[in-house]
Amino acid sequence: MVRKAKRLISAVMLAFSICVITWSIASAYAYYGYWWSSTQSYTLSGFPSGWAAYLNVSAQTWTNVTPAKLTYQNVASGGRLVSYGAIDGANGTLGQTSISVLFGLLQSGSIVMDSAESWYAGTGVPSSTQYDLQSATTHEFGHLLGLDHTAGIYCPGNTNNATMCLSINKGQYYMRTLEGDDRNGINYLYP
């Protein structure tokens with residue numbers, strides 16, 4: 001009897017997972033899930049002094065999407081950890097977001113930005129040897145809200161790229177702002 005119940009639960013979970021994956025592919029934006037609460041807090045750790053302002057602007061970019069009911073807030077402790085540390089060395093992965101999902105609801109999440117990269121932290125134009133911190137963290141904050149990489153049609157390889165496109169090159173900074181696909185995704189998850 002217990003074995004049959006376990007099989008039934010496994011079958012239902014598998015069917016639900018397939019349904020969620022199929023459903024997310026049907027839209028231009030893709031997603032993993034969403035947070036139960038539309039107010040999300042984060043805590044910064046290990047970043048060079050003076051970088052907090054640019055990281056906070058990255059989070060605020062998502063808060064500013066309307067009509068989404070979403071608020072990101074920086075707290076001294078106890079929020080989702082956004083840290084600065086080693087990932088894979090220079091010119092590799094810029095940032096990494098880890099989340100856990102249960103039945104479409106996000107359960108936990110954190111971000112690490114690679115300390116080995118040559119970062120530009122400012123409001124101007126990064127050099128051709130630097131990655132734009134604000135662009136990369138805006139992208140990672142989108143993952144932390146449950147968004148996956150956007151569909152290729154919204155990544156034409158120019159300044160019209162959605163922020164949730166897979167990559168950004170050195171010297172580029174246009175992913176500081178959101179495109180329609182990014183806004184549509186967050187409005188869908190947090191109506």
# chains A, B, ... in the order shown; residues from 1 in each chain; ligands from 1

$ closest_atom_pairs --of "stretch 47-152 of chain A" --to "stretch 171-174 of chain A" --cutoff "8 Å" --atoms "only C-alpha atoms" --output "CSV"
residue,atom,partner,partner_atom,distance
A:Val125,CA,A:Tyr173,CA,6.9
A:Pro126,CA,A:Gly171,CA,4.9
A:Ser127,CA,A:Gly171,CA,5.1
A:Ser128,CA,A:Gly171,CA,4.3
A:Thr129,CA,A:Gly171,CA,6.6
A:Gln130,CA,A:Gly171,CA,5.7
A:Tyr131,CA,A:Gly171,CA,6.0
A:Asp132,CA,A:Tyr173,CA,5.7
A:Gln134,CA,A:Tyr173,CA,7.7
A:Ser135,CA,A:Tyr173,CA,5.8

$ write_last_selection --atoms "all heavy atoms" --output "PDB file, in the first residue's frame"
ATOM      1  N   VAL A 125      30.277  54.317 -19.105  1.00  0.00           N
ATOM      2  CA  VAL A 125      30.495  53.239 -20.063  1.00  0.00           C
ATOM      3  C   VAL A 125      31.710  52.408 -19.626  1.00  0.00           C
ATOM      4  O   VAL A 125      32.792  52.953 -19.442  1.00  0.00           O
ATOM      5  CB  VAL A 125      30.733  53.815 -21.475  1.00  0.00           C
ATOM      6  CG1 VAL A 125      31.006  52.701 -22.480  1.00  0.00           C
ATOM      7  CG2 VAL A 125      29.548  54.661 -21.913  1.00  0.00           C
ATOM      8  N   PRO A 126      31.542  51.095 -19.463  1.00  0.00           N
ATOM      9  CA  PRO A 126      32.688  50.250 -19.125  1.00  0.00           C
ATOM     10  C   PRO A 126      33.671  50.181 -20.291  1.00  0.00           C
ATOM     11  O   PRO A 126      33.279  50.351 -21.454  1.00  0.00           O
ATOM     12  CB  PRO A 126      32.070  48.886 -18.843  1.00  0.00           C
ATOM     13  CG  PRO A 126      30.727  48.907 -19.464  1.00  0.00           C
ATOM     14  CD  PRO A 126      30.305  50.335 -19.586  1.00  0.00           C
ATOM     15  N   SER A 127      34.928  49.948 -19.981  1.00  0.00           N
ATOM     16  CA  SER A 127      35.922  49.808 -21.050  1.00  0.00           C
ATOM     17  C   SER A 127      35.727  48.474 -21.758  1.00  0.00           C
ATOM     18  O   SER A 127      34.978  47.613 -21.290  1.00  0.00           O
ATOM     19  CB  SER A 127      37.341  49.887 -20.469  1.00  0.00           C
ATOM     20  OG  SER A 127      37.683  48.664 -19.839  1.00  0.00           O
ATOM     21  N   SER A 128      36.431  48.285 -22.837  1.00  0.00           N
ATOM     22  CA  SER A 128      36.313  47.040 -23.610  1.00  0.00           C
ATOM     23  C   SER A 128      36.964  45.863 -22.894  1.00  0.00           C
ATOM     24  O   SER A 128      36.915  44.734 -23.382  1.00  0.00           O
ATOM     25  CB  SER A 128      36.935  47.221 -24.989  1.00  0.00           C
ATOM     26  OG  SER A 128      38.311  47.518 -24.856  1.00  0.00           O
ATOM     27  N   THR A 129      37.551  46.105 -21.719  1.00  0.00           N
ATOM     28  CA  THR A 129      38.165  45.025 -20.941  1.00  0.00           C
ATOM     29  C   THR A 129      37.385  44.737 -19.654  1.00  0.00           C
ATOM     30  O   THR A 129      37.830  43.954 -18.831  1.00  0.00           O
ATOM     31  CB  THR A 129      39.614  45.379 -20.565  1.00  0.00           C
ATOM     32  OG1 THR A 129      39.614  46.548 -19.735  1.00  0.00           O
ATOM     33  CG2 THR A 129      40.466  45.618 -21.803  1.00  0.00           C
ATOM     34  N   GLN A 130      36.217  45.394 -19.493  1.00  0.00           N
ATOM     35  CA  GLN A 130      35.442  45.246 -18.254  1.00  0.00           C
ATOM     36  C   GLN A 130      34.017  44.771 -18.526  1.00  0.00           C
ATOM     37  O   GLN A 130      33.417  45.120 -19.540  1.00  0.00           O
ATOM     38  CB  GLN A 130      35.355  46.593 -17.525  1.00  0.00           C
ATOM     39  CG  GLN A 130      36.671  47.137 -17.043  1.00  0.00           C
ATOM     40  CD  GLN A 130      36.471  48.531 -16.456  1.00  0.00           C
ATOM     41  OE1 GLN A 130      35.925  49.409 -17.114  1.00  0.00           O
ATOM     42  NE2 GLN A 130      36.911  48.710 -15.215  1.00  0.00           N
ATOM     43  N   TYR A 131      33.496  44.010 -17.566  1.00  0.00           N
ATOM     44  CA  TYR A 131      32.080  43.643 -17.573  1.00  0.00           C
ATOM     45  C   TYR A 131      31.333  44.654 -16.714  1.00  0.00           C
ATOM     46  O   TYR A 131      31.838  45.110 -15.682  1.00  0.00           O
ATOM     47  CB  TYR A 131      31.865  42.239 -16.998  1.00  0.00           C
ATOM     48  CG  TYR A 131      32.360  41.145 -17.900  1.00  0.00           C
ATOM     49  CD1 TYR A 131      33.521  40.439 -17.586  1.00  0.00           C
ATOM     50  CD2 TYR A 131      31.668  40.799 -19.048  1.00  0.00           C
ATOM     51  CE1 TYR A 131      33.975  39.421 -18.408  1.00  0.00           C
ATOM     52  CE2 TYR A 131      32.112  39.786 -19.883  1.00  0.00           C
ATOM     53  CZ  TYR A 131      33.269  39.103 -19.551  1.00  0.00           C
ATOM     54  OH  TYR A 131      33.718  38.098 -20.368  1.00  0.00           O
ATOM     55  N   ASP A 132      30.130  44.996 -17.125  1.00  0.00           N
ATOM     56  CA  ASP A 132      29.323  45.957 -16.396  1.00  0.00           C
ATOM     57  C   ASP A 132      28.630  45.272 -15.224  1.00  0.00           C
ATOM     58  O   ASP A 132      27.793  44.382 -15.418  1.00  0.00           O
ATOM     59  CB  ASP A 132      28.290  46.584 -17.339  1.00  0.00           C
ATOM     60  CG  ASP A 132      27.495  47.671 -16.660  1.00  0.00           C
ATOM     61  OD1 ASP A 132      28.117  48.608 -16.122  1.00  0.00           O
ATOM     62  OD2 ASP A 132      26.251  47.576 -16.651  1.00  0.00           O
ATOM     63  N   GLN A 134      26.400  46.421 -13.035  1.00  0.00           N
ATOM     64  CA  GLN A 134      24.962  46.659 -12.932  1.00  0.00           C
ATOM     65  C   GLN A 134      24.179  45.794 -13.917  1.00  0.00           C
ATOM     66  O   GLN A 134      23.132  45.249 -13.579  1.00  0.00           O
ATOM     67  CB  GLN A 134      24.641  48.133 -13.123  1.00  0.00           C
ATOM     68  CG  GLN A 134      23.220  48.487 -12.768  1.00  0.00           C
ATOM     69  CD  GLN A 134      22.963  49.976 -12.861  1.00  0.00           C
ATOM     70  OE1 GLN A 134      23.849  50.783 -12.647  1.00  0.00           O
ATOM     71  NE2 GLN A 134      21.747  50.341 -13.208  1.00  0.00           N
ATOM     72  N   SER A 135      24.680  45.642 -15.140  1.00  0.00           N
ATOM     73  CA  SER A 135      24.008  44.777 -16.122  1.00  0.00           C
ATOM     74  C   SER A 135      23.963  43.333 -15.640  1.00  0.00           C
ATOM     75  O   SER A 135      22.914  42.682 -15.686  1.00  0.00           O
ATOM     76  CB  SER A 135      24.736  44.838 -17.466  1.00  0.00           C
ATOM     77  OG  SER A 135      24.578  46.083 -18.081  1.00  0.00           O
TER      78      SER A 135
END

$ select_by_dssp --residues "stretch 11-108 of chain A" --states "strand (DSSP E)" --output "list of chain:residue names"
A:Thr39, A:Gln40, A:Ser41, A:Tyr42, A:Thr43, A:Leu44, A:Ser45, A:Thr71, A:Tyr72, A:Gln73, A:Asn74, A:Arg80, A:Leu81, A:Val82, A:Ser83, A:Tyr84, A:Gly85, A:Gly95, A:Gln96, A:Thr97, A:Ser98, A:Ile99, A:Ser100, A:Val101, A:Leu102, A:Leu105, A:Leu106, A:Gln107, A:Ser108

$ residues_around --residues "stretch 101-114 of chain A" --least-positions-apart "3" --cutoff "7 Å" --atoms "only C-alpha atoms" --output "PyMOL selection string"
chain A and resi 32-36+80-87+94-98+117+140+144

$ select_by_dssp --residues "chain A" --states "alpha helix (DSSP H)" --output "compact mmCIF listing (two decimals) with N, CA, C and O atoms, in the first residue's frame"
# COMPACT_ATOMS: atom_id res chain seq x y z
N VAL A 2 1.90 1.28 0.85
CA VAL A 2 2.79 2.44 0.92
C VAL A 2 3.53 2.62 -0.40
O VAL A 2 3.68 3.74 -0.90
N ARG A 3 3.96 1.52 -1.00
CA ARG A 3 4.66 1.57 -2.27
C ARG A 3 3.77 2.17 -3.36
O ARG A 3 4.20 2.98 -4.17
N LYS A 4 2.48 1.78 -3.40
CA LYS A 4 1.56 2.32 -4.39
C LYS A 4 1.36 3.82 -4.18
O LYS A 4 1.30 4.59 -5.13
N ALA A 5 1.26 4.25 -2.94
CA ALA A 5 1.10 5.68 -2.63
C ALA A 5 2.32 6.46 -3.09
O ALA A 5 2.21 7.55 -3.66
N LYS A 6 3.51 5.92 -2.86
CA LYS A 6 4.75 6.59 -3.29
C LYS A 6 4.79 6.71 -4.80
O LYS A 6 5.19 7.73 -5.34
N ARG A 7 4.40 5.65 -5.50
CA ARG A 7 4.38 5.68 -6.97
C ARG A 7 3.39 6.72 -7.48
O ARG A 7 3.66 7.45 -8.42
N LEU A 8 2.22 6.80 -6.86
CA LEU A 8 1.21 7.78 -7.26
C LEU A 8 1.73 9.20 -7.05
O LEU A 8 1.60 10.06 -7.92
N ILE A 9 2.33 9.45 -5.90
CA ILE A 9 2.89 10.77 -5.62
C ILE A 9 3.98 11.11 -6.63
O ILE A 9 4.03 12.21 -7.17
N SER A 10 4.85 10.16 -6.93
CA SER A 10 5.92 10.39 -7.92
C SER A 10 5.34 10.68 -9.29
O SER A 10 5.82 11.57 -10.00
N ALA A 11 4.31 9.96 -9.68
CA ALA A 11 3.69 10.18 -10.99
C ALA A 11 3.06 11.57 -11.07
O ALA A 11 3.18 12.27 -12.08
N VAL A 12 2.38 11.97 -10.00
CA VAL A 12 1.75 13.29 -9.98
C VAL A 12 2.82 14.38 -10.05
O VAL A 12 2.68 15.35 -10.79
N MET A 13 3.91 14.22 -9.30
CA MET A 13 4.99 15.21 -9.32
C MET A 13 5.62 15.30 -10.70
O MET A 13 5.90 16.38 -11.20
N LEU A 14 5.85 14.17 -11.36
CA LEU A 14 6.43 14.16 -12.69
C LEU A 14 5.48 14.84 -13.68
O LEU A 14 5.90 15.68 -14.48
N ALA A 15 4.21 14.53 -13.61
CA ALA A 15 3.24 15.16 -14.51
C ALA A 15 3.19 16.65 -14.28
O ALA A 15 3.13 17.44 -15.23
N PHE A 16 3.24 17.09 -13.03
CA PHE A 16 3.23 18.52 -12.71
C PHE A 16 4.48 19.19 -13.27
O PHE A 16 4.40 20.25 -13.86
N SER A 17 5.64 18.56 -13.11
CA SER A 17 6.89 19.12 -13.63
C SER A 17 6.83 19.27 -15.13
O SER A 17 7.23 20.29 -15.68
N ILE A 18 6.35 18.27 -15.84
CA ILE A 18 6.25 18.33 -17.29
C ILE A 18 5.29 19.43 -17.69
O ILE A 18 5.55 20.20 -18.61
N CYS A 19 4.18 19.56 -16.98
CA CYS A 19 3.19 20.60 -17.27
C CYS A 19 3.82 21.98 -17.10
O CYS A 19 3.67 22.85 -17.95
N VAL A 20 4.57 22.20 -16.03
CA VAL A 20 5.19 23.50 -15.77
C VAL A 20 6.22 23.81 -16.85
O VAL A 20 6.26 24.91 -17.39
N ILE A 21 7.03 22.85 -17.22
CA ILE A 21 8.05 23.07 -18.24
C ILE A 21 7.39 23.40 -19.57
O ILE A 21 7.78 24.36 -20.24
N THR A 22 6.39 22.67 -19.96
CA THR A 22 5.70 22.93 -21.21
C THR A 22 5.04 24.30 -21.20
O THR A 22 5.11 25.03 -22.17
N TRP A 23 4.45 24.65 -20.09
CA TRP A 23 3.76 25.93 -19.96
C TRP A 23 4.74 27.07 -20.09
O TRP A 23 4.50 28.04 -20.80
N SER A 24 5.92 26.98 -19.48
CA SER A 24 6.88 28.08 -19.54
C SER A 24 7.47 28.24 -20.94
O SER A 24 7.78 29.34 -21.34
N ILE A 25 7.61 27.18 -21.68
CA ILE A 25 8.17 27.28 -23.03
C ILE A 25 7.19 27.97 -23.98
O ILE A 25 7.59 28.60 -24.94
N ALA A 52 27.58 48.94 -3.38
CA ALA A 52 26.20 48.67 -2.94
C ALA A 52 25.18 49.49 -3.72
O ALA A 52 24.11 48.99 -4.06
N ALA A 53 25.51 50.73 -4.02
CA ALA A 53 24.56 51.59 -4.74
C ALA A 53 24.19 50.99 -6.09
O ALA A 53 23.01 51.00 -6.48
N TYR A 54 25.15 50.45 -6.82
CA TYR A 54 24.89 49.87 -8.15
C TYR A 54 24.12 48.56 -8.03
O TYR A 54 23.25 48.26 -8.86
N LEU A 55 24.41 47.79 -7.00
CA LEU A 55 23.68 46.54 -6.77
C LEU A 55 22.23 46.83 -6.40
O LEU A 55 21.31 46.16 -6.87
N ASN A 56 22.03 47.86 -5.58
CA ASN A 56 20.66 48.23 -5.19
C ASN A 56 19.86 48.75 -6.38
O ASN A 56 18.67 48.46 -6.50
N VAL A 57 20.51 49.47 -7.29
CA VAL A 57 19.82 49.94 -8.50
C VAL A 57 19.41 48.74 -9.35
O VAL A 57 18.32 48.72 -9.93
N SER A 58 20.26 47.72 -9.42
CA SER A 58 19.92 46.50 -10.17
C SER A 58 18.65 45.86 -9.64
O SER A 58 17.78 45.46 -10.41
N ALA A 59 18.54 45.75 -8.33
CA ALA A 59 17.34 45.17 -7.72
C ALA A 59 16.14 46.09 -7.93
O ALA A 59 15.05 45.62 -8.27
N GLN A 60 16.36 47.38 -7.77
CA GLN A 60 15.27 48.35 -7.91
C GLN A 60 14.69 48.35 -9.33
O GLN A 60 13.51 48.62 -9.52
N THR A 61 15.50 48.02 -10.31
CA THR A 61 15.02 47.94 -11.70
C THR A 61 13.83 47.00 -11.80
O THR A 61 12.86 47.27 -12.51
N TRP A 62 13.88 45.89 -11.08
CA TRP A 62 12.76 44.92 -11.10
C TRP A 62 11.59 45.43 -10.28
O TRP A 62 10.43 45.22 -10.65
N THR A 63 11.86 46.12 -9.18
CA THR A 63 10.80 46.68 -8.35
C THR A 63 9.99 47.71 -9.13
O THR A 63 8.79 47.85 -8.92
N LEU A 133 28.97 45.69 -14.01
CA LEU A 133 28.41 45.10 -12.80
C LEU A 133 26.90 45.24 -12.75
O LEU A 133 26.18 44.28 -12.46
N GLN A 134 26.40 46.42 -13.04
CA GLN A 134 24.96 46.66 -12.93
C GLN A 134 24.18 45.79 -13.92
O GLN A 134 23.13 45.25 -13.58
N SER A 135 24.68 45.64 -15.14
CA SER A 135 24.01 44.78 -16.12
C SER A 135 23.96 43.33 -15.64
O SER A 135 22.91 42.68 -15.69
N ALA A 136 25.10 42.84 -15.18
CA ALA A 136 25.18 41.43 -14.75
C ALA A 136 24.33 41.16 -13.52
O ALA A 136 23.66 40.13 -13.44
N THR A 137 24.32 42.10 -12.58
CA THR A 137 23.52 41.86 -11.37
C THR A 137 22.03 42.05 -11.63
O THR A 137 21.21 41.37 -11.02
N THR A 138 21.66 42.93 -12.55
CA THR A 138 20.24 43.05 -12.91
C THR A 138 19.77 41.71 -13.47
O THR A 138 18.69 41.21 -13.12
N HIS A 139 20.58 41.09 -14.31
CA HIS A 139 20.27 39.77 -14.87
C HIS A 139 20.11 38.73 -13.75
O HIS A 139 19.12 37.98 -13.72
N GLU A 140 21.06 38.69 -12.82
CA GLU A 140 21.01 37.70 -11.74
C GLU A 140 19.83 37.93 -10.81
O GLU A 140 19.20 36.99 -10.33
N PHE A 141 19.48 39.20 -10.53
CA PHE A 141 18.30 39.49 -9.72
C PHE A 141 17.04 38.98 -10.42
O PHE A 141 16.07 38.57 -9.76
N GLY A 142 17.02 38.99 -11.75
CA GLY A 142 15.89 38.41 -12.49
C GLY A 142 15.79 36.91 -12.25
O GLY A 142 14.69 36.38 -12.07
N HIS A 143 16.94 36.22 -12.26
CA HIS A 143 16.93 34.78 -11.94
C HIS A 143 16.41 34.54 -10.53
O HIS A 143 15.65 33.61 -10.29
N LEU A 144 16.84 35.39 -9.58
CA LEU A 144 16.43 35.22 -8.19
C LEU A 144 14.92 35.37 -8.03
O LEU A 144 14.32 34.82 -7.11
N GLY A 180 10.81 44.64 -23.05
CA GLY A 180 9.43 44.17 -22.92
C GLY A 180 9.32 42.73 -22.45
O GLY A 180 8.47 42.40 -21.62
N ASP A 181 10.18 41.86 -22.95
CA ASP A 181 10.12 40.46 -22.57
C ASP A 181 10.40 40.28 -21.08
O ASP A 181 9.75 39.50 -20.40
N ASP A 182 11.38 41.03 -20.56
CA ASP A 182 11.70 40.97 -19.13
C ASP A 182 10.50 41.44 -18.29
O ASP A 182 10.11 40.79 -17.33
N ARG A 183 9.92 42.56 -18.69
CA ARG A 183 8.77 43.11 -17.97
C ARG A 183 7.56 42.18 -18.05
O ARG A 183 6.86 41.98 -17.06
N ASN A 184 7.33 41.60 -19.22
CA ASN A 184 6.22 40.66 -19.37
C ASN A 184 6.39 39.46 -18.44
O ASN A 184 5.42 38.99 -17.82
N GLY A 185 7.60 38.95 -18.35
CA GLY A 185 7.87 37.80 -17.48
C GLY A 185 7.60 38.11 -16.02
O GLY A 185 6.95 37.33 -15.31
N ILE A 186 8.06 39.25 -15.54
CA ILE A 186 7.88 39.58 -14.13
C ILE A 186 6.44 39.96 -13.83
O ILE A 186 5.92 39.65 -12.75
N ASN A 187 5.76 40.59 -14.79
CA ASN A 187 4.33 40.88 -14.60
C ASN A 187 3.51 39.59 -14.55
O ASN A 187 2.51 39.52 -13.84
N TYR A 188 3.93 38.58 -15.29
CA TYR A 188 3.23 37.30 -15.25
C TYR A 188 3.42 36.62 -13.90
O TYR A 188 2.47 36.08 -13.32
N LEU A 189 4.66 36.63 -13.39
CA LEU A 189 4.94 35.93 -12.12
C LEU A 189 4.39 36.66 -10.90
O LEU A 189 4.05 36.03 -9.91

$ atom_distance --atom1 "atom CA of A:Phe47" --atom2 "atom CA of A:Lys170"
19.9 Å

$ atom_distance --atom1 "atom CA of A:Ala68" --atom2 "atom CA of A:Leu145"
12.0 Å

$ atom_distance --atom1 "atom CA of A:Thr39" --atom2 "atom CA of A:Leu70"
5.8 Å
